[in-house]
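Below is entry.cif, holding mmCIF, C-alpha atoms.
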```cif
data_protein
#
loop_
_atom_site.group_PDB
_atom_site.id
_atom_site.type_symbol
_atom_site.label_atom_id
_atom_site.label_comp_id
_atom_site.auth_asym_id
_atom_site.auth_seq_id
_atom_site.Cartn_x
_atom_site.Cartn_y
_atom_site.Cartn_z
ATOM 1 C CA ASP K 1 -70.247 -94.231 7.175
ATOM 2 C CA SER K 2 -67.447 -93.715 9.684
ATOM 3 C CA LEU K 3 -65.174 -92.394 6.937
ATOM 4 C CA TRP K 4 -67.828 -89.866 5.898
ATOM 5 C CA ILE K 5 -68.294 -88.717 9.476
ATOM 6 C CA CYS K 6 -64.544 -88.346 10.008
ATOM 7 C CA ALA K 7 -64.166 -86.493 6.714
ATOM 8 C CA GLY K 8 -66.990 -84.142 7.650
ATOM 9 C CA ALA K 9 -65.447 -83.512 11.069
ATOM 10 C CA ILE K 10 -61.984 -82.772 9.647
ATOM 11 C CA ALA K 11 -63.188 -80.542 6.820
ATOM 12 C CA GLY K 12 -65.653 -78.696 9.016
ATOM 13 C CA ALA K 13 -63.131 -78.179 11.806
ATOM 14 C CA ALA K 14 -60.500 -76.872 9.400
ATOM 15 C CA LEU K 15 -62.878 -74.376 7.830
ATOM 16 C CA GLY K 16 -64.567 -73.398 11.087
ATOM 17 C CA SER K 17 -61.272 -72.708 12.839
ATOM 18 C CA LYS K 18 -60.330 -70.287 10.049
ATOM 19 C CA VAL K 19 -63.689 -68.499 9.952
ATOM 20 C CA ALA K 20 -63.648 -67.896 13.701
ATOM 21 C CA PHE K 21 -60.054 -66.629 13.473
ATOM 22 C CA TRP K 22 -61.059 -64.204 10.727
ATOM 23 C CA ALA K 23 -63.940 -62.991 12.895
ATOM 24 C CA GLN K 24 -61.655 -62.577 15.916
ATOM 25 C CA TYR K 25 -59.076 -60.520 14.006
ATOM 26 C CA SER K 26 -61.266 -59.001 11.327
ATOM 27 C CA ASP K 27 -59.342 -55.720 11.057
ATOM 28 C CA TYR K 28 -56.024 -57.515 10.681
ATOM 29 C CA ILE K 29 -57.459 -59.986 8.175
ATOM 30 C CA TYR K 30 -58.977 -57.232 6.069
ATOM 31 C CA ALA K 31 -55.674 -55.358 5.996
ATOM 32 C CA HIS K 32 -53.905 -58.529 4.752
ATOM 33 C CA ARG K 33 -56.764 -59.977 2.713
ATOM 34 C CA PHE K 34 -54.552 -60.609 -0.323
ATOM 35 C CA GLU K 35 -51.917 -62.536 1.611
ATOM 36 C CA PRO K 36 -52.655 -66.303 1.618
ATOM 37 C CA ALA K 37 -50.177 -66.935 4.436
ATOM 38 C CA VAL K 38 -52.194 -64.671 6.737
ATOM 39 C CA LEU K 39 -55.564 -66.041 5.688
ATOM 40 C CA LEU K 40 -54.471 -69.637 6.208
ATOM 41 C CA GLY K 41 -52.204 -69.098 9.197
ATOM 42 C CA GLY K 42 -54.579 -68.706 12.118
ATOM 43 C CA LYS K 43 -57.080 -70.982 13.834
ATOM 44 C CA THR K 44 -59.263 -71.164 16.930
ATOM 45 C CA ILE K 45 -60.539 -74.152 18.910
ATOM 46 C CA VAL K 46 -64.044 -72.710 19.254
ATOM 47 C CA GLY K 47 -64.359 -72.404 15.490
ATOM 48 C CA GLY K 48 -62.906 -75.883 15.073
ATOM 49 C CA LEU K 49 -65.476 -77.408 17.420
ATOM 50 C CA LEU K 50 -68.439 -75.639 15.831
ATOM 51 C CA GLY K 51 -67.187 -76.234 12.298
ATOM 52 C CA GLY K 52 -66.574 -79.895 13.045
ATOM 53 C CA LEU K 53 -70.096 -80.163 14.440
ATOM 54 C CA LEU K 54 -71.607 -78.683 11.286
ATOM 55 C CA GLY K 55 -69.368 -80.839 9.093
ATOM 56 C CA VAL K 56 -70.448 -84.025 10.845
ATOM 57 C CA GLU K 57 -74.132 -83.089 10.700
ATOM 58 C CA LEU K 58 -73.843 -82.334 6.970
ATOM 59 C CA ALA K 59 -72.044 -85.619 6.300
ATOM 60 C CA LYS K 60 -74.696 -87.551 8.243
ATOM 61 C CA ARG K 61 -77.465 -85.843 6.326
ATOM 62 C CA LEU K 62 -75.836 -86.681 2.979
ATOM 63 C CA ARG K 63 -75.421 -90.329 3.999
ATOM 64 C CA GLY K 64 -78.825 -90.646 5.660
ATOM 65 C CA ILE K 65 -77.336 -91.356 9.096
ATOM 66 C CA HIS K 66 -79.723 -90.548 11.927
ATOM 67 C CA ARG K 67 -77.958 -91.941 14.996
ATOM 68 C CA SER K 68 -75.978 -89.675 17.273
ATOM 69 C CA THR K 69 -72.195 -90.018 17.025
ATOM 70 C CA GLY K 70 -70.907 -87.214 19.242
ATOM 71 C CA ASP K 71 -70.432 -89.164 22.483
ATOM 72 C CA THR K 72 -67.553 -91.092 20.909
ATOM 73 C CA PHE K 73 -65.522 -87.900 20.533
ATOM 74 C CA VAL K 74 -66.017 -86.383 23.994
ATOM 75 C CA PHE K 75 -63.074 -87.747 25.955
ATOM 76 C CA PRO K 76 -60.568 -87.744 23.055
ATOM 77 C CA LEU K 77 -61.504 -84.095 22.417
ATOM 78 C CA ILE K 78 -61.059 -83.131 26.061
ATOM 79 C CA ALA K 79 -57.706 -84.933 26.233
ATOM 80 C CA GLY K 80 -56.437 -83.262 23.065
ATOM 81 C CA MET K 81 -57.605 -79.823 24.160
ATOM 82 C CA LEU K 82 -56.069 -80.292 27.608
ATOM 83 C CA ILE K 83 -52.672 -81.123 26.137
ATOM 84 C CA GLY K 84 -52.998 -78.240 23.681
ATOM 85 C CA ARG K 85 -53.740 -75.709 26.412
ATOM 86 C CA LEU K 86 -50.721 -76.799 28.415
ATOM 87 C CA GLY K 87 -48.701 -76.214 25.269
ATOM 88 C CA CYS K 88 -50.233 -72.739 24.985
ATOM 89 C CA LEU K 89 -49.259 -72.003 28.580
ATOM 90 C CA PHE K 90 -45.614 -72.754 27.874
ATOM 91 C CA GLY K 91 -45.724 -71.216 24.405
ATOM 92 C CA GLY K 92 -45.409 -67.691 25.774
ATOM 93 C CA ILE K 93 -47.039 -64.487 24.700
ATOM 94 C CA GLU K 94 -46.290 -65.178 21.050
ATOM 95 C CA ASP K 95 -48.886 -67.958 21.160
ATOM 96 C CA ASN K 96 -51.546 -65.225 21.478
ATOM 97 C CA THR K 97 -53.577 -67.114 24.089
ATOM 98 C CA TYR K 98 -52.385 -65.111 27.096
ATOM 99 C CA GLY K 99 -54.587 -63.325 29.602
ATOM 100 C CA ASN K 100 -54.876 -59.698 30.622
ATOM 101 C CA PRO K 101 -52.520 -58.133 33.202
ATOM 102 C CA THR K 102 -53.301 -58.934 36.837
ATOM 103 C CA ASP K 103 -51.757 -58.638 40.283
ATOM 104 C CA LEU K 104 -53.113 -61.977 41.517
ATOM 105 C CA PRO K 105 -50.518 -64.207 43.210
ATOM 106 C CA TRP K 106 -50.817 -66.969 40.585
ATOM 107 C CA ALA K 107 -50.124 -64.646 37.653
ATOM 108 C CA VAL K 108 -47.589 -65.768 35.052
ATOM 109 C CA VAL K 109 -44.920 -63.545 33.541
ATOM 110 C CA TYR K 110 -44.121 -63.841 29.848
ATOM 111 C CA ALA K 111 -41.494 -62.156 27.674
ATOM 112 C CA ASP K 112 -43.005 -58.687 28.101
ATOM 113 C CA GLY K 113 -42.378 -58.846 31.870
ATOM 114 C CA ILE K 114 -46.013 -58.183 32.827
ATOM 115 C CA PRO K 115 -47.857 -60.517 35.273
ATOM 116 C CA ARG K 116 -50.890 -61.902 33.470
ATOM 117 C CA HIS K 117 -53.835 -64.213 34.003
ATOM 118 C CA PRO K 118 -52.732 -67.766 33.092
ATOM 119 C CA ALA K 119 -55.675 -68.123 30.705
ATOM 120 C CA PRO K 120 -54.528 -71.463 29.202
ATOM 121 C CA LEU K 121 -54.153 -72.897 32.702
ATOM 122 C CA TYR K 122 -57.671 -71.784 33.627
ATOM 123 C CA GLU K 123 -58.980 -73.639 30.603
ATOM 124 C CA ALA K 124 -56.908 -76.748 31.316
ATOM 125 C CA LEU K 125 -58.288 -76.939 34.861
ATOM 126 C CA PHE K 126 -61.811 -76.421 33.546
ATOM 127 C CA LEU K 127 -61.369 -79.291 31.081
ATOM 128 C CA VAL K 128 -60.285 -81.601 33.917
ATOM 129 C CA VAL K 129 -63.458 -80.687 35.819
ATOM 130 C CA VAL K 130 -65.607 -81.270 32.717
ATOM 131 C CA TRP K 131 -63.997 -84.696 32.219
ATOM 132 C CA ILE K 132 -64.824 -85.699 35.807
ATOM 133 C CA VAL K 133 -68.382 -84.365 35.667
ATOM 134 C CA ILE K 134 -69.234 -86.078 32.378
ATOM 135 C CA ALA K 135 -67.646 -89.342 33.519
ATOM 136 C CA ARG K 136 -69.781 -89.293 36.678
ATOM 137 C CA CYS K 137 -72.990 -88.188 34.954
ATOM 138 C CA ARG K 138 -72.749 -90.260 31.786
ATOM 139 C CA ASP K 139 -75.009 -93.036 33.069
ATOM 140 C CA ARG K 140 -77.696 -90.459 33.925
ATOM 141 C CA LEU K 141 -77.836 -89.085 30.368
ATOM 142 C CA THR K 142 -80.643 -90.988 28.685
ATOM 143 C CA VAL K 143 -80.472 -89.564 25.154
ATOM 144 C CA PRO K 144 -77.588 -90.601 22.849
ATOM 145 C CA GLY K 145 -75.371 -87.615 22.143
ATOM 146 C CA ASP K 146 -76.113 -85.831 25.410
ATOM 147 C CA ALA K 147 -72.558 -86.289 26.713
ATOM 148 C CA PHE K 148 -71.262 -84.380 23.676
ATOM 149 C CA ARG K 149 -73.967 -81.745 24.048
ATOM 150 C CA LEU K 150 -73.096 -81.291 27.716
ATOM 151 C CA PHE K 151 -69.425 -80.916 26.840
ATOM 152 C CA MET K 152 -70.085 -78.403 24.065
ATOM 153 C CA THR K 153 -72.469 -76.206 26.050
ATOM 154 C CA SER K 154 -70.244 -76.237 29.125
ATOM 155 C CA TYR K 155 -67.168 -75.323 27.119
ATOM 156 C CA LEU K 156 -68.902 -72.575 25.156
ATOM 157 C CA ILE K 157 -70.223 -71.000 28.362
ATOM 158 C CA PHE K 158 -66.764 -71.156 29.885
ATOM 159 C CA ARG K 159 -65.046 -69.649 26.839
ATOM 160 C CA PHE K 160 -67.590 -66.858 26.547
ATOM 161 C CA ALA K 161 -66.935 -65.857 30.177
ATOM 162 C CA ALA K 162 -63.183 -66.552 30.249
ATOM 163 C CA ASP K 163 -62.440 -64.502 27.153
ATOM 164 C CA PHE K 164 -63.333 -61.337 29.050
ATOM 165 C CA GLN K 165 -59.960 -61.890 30.758
ATOM 166 C CA LYS K 166 -58.130 -61.867 27.430
ATOM 167 C CA PRO K 167 -57.251 -59.180 24.894
ATOM 168 C CA PRO K 168 -58.789 -57.132 23.395
ATOM 169 C CA HIS K 169 -60.737 -56.729 26.671
ATOM 170 C CA TYR K 170 -58.010 -54.435 27.985
ATOM 171 C CA PRO K 171 -57.528 -50.737 27.222
ATOM 172 C CA THR K 172 -53.794 -50.743 26.465
ATOM 173 C CA ARG K 173 -51.320 -52.918 24.572
ATOM 174 C CA THR K 174 -47.662 -53.408 25.400
ATOM 175 C CA LEU K 175 -44.871 -52.865 22.896
ATOM 176 C CA LEU K 176 -44.586 -56.603 22.311
ATOM 177 C CA GLU K 177 -48.352 -56.956 21.878
ATOM 178 C CA SER K 178 -48.306 -54.216 19.241
ATOM 179 C CA THR K 179 -46.329 -56.531 16.972
ATOM 180 C CA MET K 180 -49.169 -59.104 16.980
ATOM 181 C CA PRO K 181 -52.705 -59.033 15.547
ATOM 182 C CA ALA K 182 -55.240 -57.107 17.616
ATOM 183 C CA GLY K 183 -58.665 -58.603 18.196
ATOM 184 C CA HIS K 184 -61.783 -56.711 17.187
ATOM 185 C CA LEU K 185 -64.593 -55.866 19.612
ATOM 186 C CA TYR K 186 -68.035 -56.063 18.003
ATOM 187 C CA PHE K 187 -70.566 -53.616 19.438
ATOM 188 C CA GLY K 188 -67.680 -52.442 21.595
ATOM 189 C CA MET K 189 -67.940 -55.407 23.954
ATOM 190 C CA LEU K 190 -67.707 -58.883 22.339
ATOM 191 C CA THR K 191 -64.984 -60.606 20.342
ATOM 192 C CA GLY K 192 -65.522 -62.803 17.324
ATOM 193 C CA ILE K 193 -64.903 -65.918 19.405
ATOM 194 C CA GLN K 194 -67.477 -64.813 21.966
ATOM 195 C CA LEU K 195 -70.031 -64.287 19.197
ATOM 196 C CA CYS K 196 -69.282 -67.804 17.952
ATOM 197 C CA CYS K 197 -69.864 -69.078 21.494
ATOM 198 C CA LEU K 198 -73.259 -67.379 21.585
ATOM 199 C CA ALA K 199 -74.166 -68.901 18.218
ATOM 200 C CA GLY K 200 -73.249 -72.374 19.475
ATOM 201 C CA LEU K 201 -75.205 -71.896 22.692
ATOM 202 C CA ALA K 202 -78.242 -70.767 20.695
ATOM 203 C CA TYR K 203 -77.964 -73.993 18.675
ATOM 204 C CA TYR K 204 -77.901 -76.082 21.870
ATOM 205 C CA ALA K 205 -80.314 -73.964 23.952
ATOM 206 C CA ARG K 206 -83.186 -76.472 23.955
ATOM 207 C CA ASP K 207 -80.931 -79.462 24.613
ATOM 208 C CA PHE K 208 -79.084 -77.697 27.420
ATOM 209 C CA ALA K 209 -82.320 -76.986 29.303
ATOM 210 C CA ARG K 210 -83.496 -80.588 28.843
ATOM 211 C CA ILE K 211 -80.166 -82.069 29.971
ATOM 212 C CA GLY K 212 -80.185 -79.830 33.028
ATOM 213 C CA ARG K 213 -83.656 -81.039 34.000
ATOM 214 C CA GLU K 214 -82.731 -84.690 33.482
ATOM 215 C CA LEU K 215 -79.559 -84.449 35.554
ATOM 216 C CA THR K 216 -81.427 -82.636 38.314
ATOM 217 C CA LEU K 217 -84.155 -85.275 38.437
ATOM 218 C CA ALA K 218 -81.620 -88.118 38.319
ATOM 219 C CA THR K 219 -79.663 -86.566 41.168
ATOM 220 C CA MET K 220 -82.842 -86.135 43.233
ATOM 221 C CA ARG K 221 -83.810 -89.773 42.609
ATOM 222 C CA SER K 222 -80.347 -90.906 43.642
ATOM 223 C CA MET K 223 -80.462 -88.835 46.828
ATOM 224 C CA THR K 224 -83.955 -90.142 47.636
ATOM 225 C CA SER K 225 -82.832 -93.721 47.064
ATOM 226 C CA ALA K 226 -79.838 -93.280 49.376
ATOM 227 C CA ALA K 227 -82.020 -91.705 52.066
ATOM 228 C CA ASP K 228 -84.560 -94.539 51.816
ATOM 229 C CA ALA K 229 -81.784 -97.143 52.015
ATOM 230 C CA ASP K 230 -80.385 -95.504 55.141
ATOM 231 C CA ALA K 231 -83.836 -95.454 56.700
ATOM 232 C CA VAL K 232 -84.343 -99.146 55.892
ATOM 233 C CA ALA K 233 -80.959 -100.070 57.352
ATOM 234 C CA THR K 234 -81.615 -98.081 60.532
ATOM 235 C CA THR K 235 -85.049 -99.657 61.012
ATOM 236 C CA SER K 236 -83.783 -103.186 60.440
ATOM 237 C CA VAL K 237 -80.834 -102.767 62.797
ATOM 238 C CA ALA K 238 -83.213 -101.519 65.468
ATOM 239 C CA GLU K 239 -85.421 -104.553 64.926
ATOM 240 C CA ILE K 240 -82.436 -106.886 65.216
ATOM 241 C CA GLN K 241 -81.187 -105.195 68.367
ATOM 242 C CA GLY K 242 -84.653 -105.447 69.828
ATOM 243 C CA LYS K 243 -84.430 -109.212 69.578
ATOM 244 C CA GLY K 244 -81.632 -109.313 72.164
ATOM 245 C CA THR K 245 -78.060 -110.609 71.909
ATOM 246 C CA LEU K 246 -77.055 -112.947 69.088
ATOM 247 C CA SER K 247 -77.576 -116.213 70.959
ATOM 248 C CA PRO K 248 -78.827 -119.531 69.581
ATOM 249 C CA ALA K 249 -82.207 -118.788 71.101
ATOM 250 C CA ASN K 250 -82.875 -115.851 68.728
ATOM 251 C CA SER K 251 -80.917 -116.953 65.623
ATOM 252 C CA THR K 252 -84.171 -117.636 63.785
ATOM 253 C CA ALA K 253 -85.396 -114.100 64.479
ATOM 254 C CA LEU K 254 -82.053 -112.659 63.264
ATOM 255 C CA GLU K 255 -82.246 -114.623 60.015
ATOM 256 C CA ALA K 256 -85.790 -113.389 59.393
ATOM 257 C CA ALA K 257 -84.749 -109.793 60.048
ATOM 258 C CA LEU K 258 -81.826 -110.068 57.606
ATOM 259 C CA GLN K 259 -84.106 -111.510 54.921
ATOM 260 C CA ASP K 260 -86.519 -108.636 55.514
ATOM 261 C CA LEU K 261 -83.624 -106.146 55.168
ATOM 262 C CA ALA K 262 -82.545 -107.673 51.839
ATOM 263 C CA LEU K 263 -86.118 -107.598 50.543
ATOM 264 C CA ARG K 264 -86.511 -103.909 51.473
ATOM 265 C CA PHE K 265 -83.284 -102.993 49.642
ATOM 266 C CA VAL K 266 -84.544 -104.769 46.519
ATOM 267 C CA VAL K 267 -87.828 -102.900 46.681
ATOM 268 C CA VAL K 268 -86.139 -99.538 47.223
ATOM 269 C CA GLY K 269 -83.673 -100.139 44.397
ATOM 270 C CA SER K 270 -86.337 -101.147 41.877
ATOM 271 C CA THR K 271 -88.477 -98.142 42.823
ATOM 272 C CA HIS K 272 -85.794 -95.460 42.422
ATOM 273 C CA THR K 273 -83.675 -96.767 39.515
ATOM 274 C CA PRO K 274 -83.824 -94.167 36.683
#
```

Starting from the file, lay out its structure as structure tokens.
Amino acid sequence: DSLWICAGAIAGAALGSKVAFWAQYSDYIYAHRFEPAVLLGGKTIVGGLLGGLLGVELAKRLRGIHRSTGDTFVFPLIAGMLIGRLGCLFGGIEDNTYGNPTDLPWAVVYADGIPRHPAPLYEALFLVVVWIVIARCRDRLTVPGDAFRLFMTSYLIFRFAADFQKPPHYPTRTLLESTMPAGHLYFGMLTGIQLCCLAGLAYYARDFARIGRELTLATMRSMTSAADADAVATTSVAEIQGKGTLSPANSTALEAALQDLALRFVVVGSTHTP
């Protein structure tokens, strides 16, 4: 079964990364539609993620596998994407992952001499945040596969928004940019990758709302539990202090108060554990 799942992920990711690339640069692809090197040369991570998802789901359906398998891939995917984006940052403008021109102080300057948004760095920092959030929230996710769903929805939302700071969302192209494929804007406002992000978010819409509710409730329970524990500790300390100084005469009262404190913590913990 694991071999089928891996095969589905690899095949789906390979095909999906190409389809999303074709959608992103549809005009360029159409102009070179009879050139295999062009058709097979490009790829996108968004298409790879969505294609891999569909490939795994198809493989599981063919093998009759009903358990969720996505959580296993979350942290290896984030690590691989993080390393890849750092490579994009140092790859220069020829890597075609650069951002639009900007005058912000943290802009990076590539071979064309124009300060630009460090788009790969933005994504790398986002992936670090996603890693931390999922690692902290993993125990609060009650449904198998929710860690992968949280990763996918978060990343797709980020990419949809972040790609507005990338070409072709800019009115002019430099001389160096003119030598590279130009992205196509559908409806005059969205790229092919952004449309793929919307498709993925539509697929996960119901799960995303459910996960949000569960995390919110789990966080509220945790905060309530902490508040109750603080209240118990404050009350018990006051009771102990009310007994006087810790002398042999009141040692029995102190022991009883400590036992009462331990009992209250047990009760609070059992009441608020999700």

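What separates atom CA of Gly8 of chain K from atom CA of Gly51 of chain K is a distance of 9.2 Å.
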
If I wrap all listed atoms of segment 152-171 of chain K in a box with edges along x, y and z and add 4 Å on each side, what are its centre and edge lengths in Å to one decimal, as JSON?
```
{"center_x": -64.9, "center_y": -64.6, "center_z": 27.1, "size_x": 23.2, "size_y": 35.7, "size_z": 15.4}
```

Counting only C-alpha atoms, find the residues whose atoms lie at most 10 Å from (-57.9, -82.6, 28.3) (file coordinates) and write them out as a PyMOL selection string.
chain K and resi 74-86+123-131

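Residue membership of the PyMOL selection byres ((chain K and resi 108) around 12) in the shown file amounts to Leu89, Phe90, Gly92, Ile93, Tyr98, Gly99, Asn100, Pro101, Thr102, Asp103, Leu104, Pro105, Trp106, Ala107, Val109, Tyr110, Ala111, Asp112, Gly113, Ile114, Pro115, Arg116, His117, Pro118, Ala119, Pro120, Leu121 and Tyr122 of chain K.
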
Suppose we keep C-alpha atoms; can you now write the selection as a JSON list (two decimals), keeping the file's coordinate frame?
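Below is the file that was written, result20.json:
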```
[["chain", "number", "residue", "atom", "x", "y", "z"],
["K", 89, "LEU", "CA", -49.26, -72.00, 28.58],
["K", 90, "PHE", "CA", -45.61, -72.75, 27.87],
["K", 92, "GLY", "CA", -45.41, -67.69, 25.77],
["K", 93, "ILE", "CA", -47.04, -64.49, 24.70],
["K", 98, "TYR", "CA", -52.38, -65.11, 27.10],
["K", 99, "GLY", "CA", -54.59, -63.32, 29.60],
["K", 100, "ASN", "CA", -54.88, -59.70, 30.62],
["K", 101, "PRO", "CA", -52.52, -58.13, 33.20],
["K", 102, "THR", "CA", -53.30, -58.93, 36.84],
["K", 103, "ASP", "CA", -51.76, -58.64, 40.28],
["K", 104, "LEU", "CA", -53.11, -61.98, 41.52],
["K", 105, "PRO", "CA", -50.52, -64.21, 43.21],
["K", 106, "TRP", "CA", -50.82, -66.97, 40.58],
["K", 107, "ALA", "CA", -50.12, -64.65, 37.65],
["K", 109, "VAL", "CA", -44.92, -63.54, 33.54],
["K", 110, "TYR", "CA", -44.12, -63.84, 29.85],
["K", 111, "ALA", "CA", -41.49, -62.16, 27.67],
["K", 112, "ASP", "CA", -43.00, -58.69, 28.10],
["K", 113, "GLY", "CA", -42.38, -58.85, 31.87],
["K", 114, "ILE", "CA", -46.01, -58.18, 32.83],
["K", 115, "PRO", "CA", -47.86, -60.52, 35.27],
["K", 116, "ARG", "CA", -50.89, -61.90, 33.47],
["K", 117, "HIS", "CA", -53.84, -64.21, 34.00],
["K", 118, "PRO", "CA", -52.73, -67.77, 33.09],
["K", 119, "ALA", "CA", -55.68, -68.12, 30.70],
["K", 120, "PRO", "CA", -54.53, -71.46, 29.20],
["K", 121, "LEU", "CA", -54.15, -72.90, 32.70],
["K", 122, "TYR", "CA", -57.67, -71.78, 33.63]]
```

Using the chain letters and numbers from this file, what does the PyMOL selection byres ((chain K and resi 149-161) around 8) select? Give the answer as a PyMOL selection string.
chain K and resi 46+70+74+130+134+145-148+162-164+193-194+197-198+200-201+204+207-208+211

Written as a VMD selection string, which residues does the PyMOL selection byres ((chain K and resi 50) around 9) give for the file shown?
chain K and resid 12 to 13 16 to 17 45 to 49 51 to 55 152 196 to 197 200

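If only C-alpha atoms are the atoms counted, then among K:Ser2, K:Pro171, K:Gly192, K:Pro181 the closest residue to Gly41 of chain K is K:Pro181.
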
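Among the candidate residues K:Cys137, K:Ala199, K:Ala182, K:Val56, the one lying nearest to Ala9 of chain K is K:Val56, with distances computed using all atoms listed in the file.
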
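Separating atom CA of Arg221 of chain K from atom CA of Ala209 of chain K is a distance of 18.5 Å.
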
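You will find atom CA of Arg173 of chain K at 12.7 Å from atom CA of Asn96 of chain K.
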
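Each of K:Met180, K:Leu141, K:Ala135, K:Leu175 was compared to Asp95 of chain K using all atoms listed in the file, and K:Met180 turns out to be the nearest.
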
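You can rank K:Glu94, K:Glu177, K:Asp1, K:Asp27 by their closest distance to Arg61 of chain K using all atoms listed in the file, and at the top of that list sits K:Asp1.
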
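When all atoms listed in the file are used to compute distances to Thr219 of chain K, the closest of the residues K:His66, K:Pro168, K:Ala11, K:Asp139 turns out to be K:Asp139.
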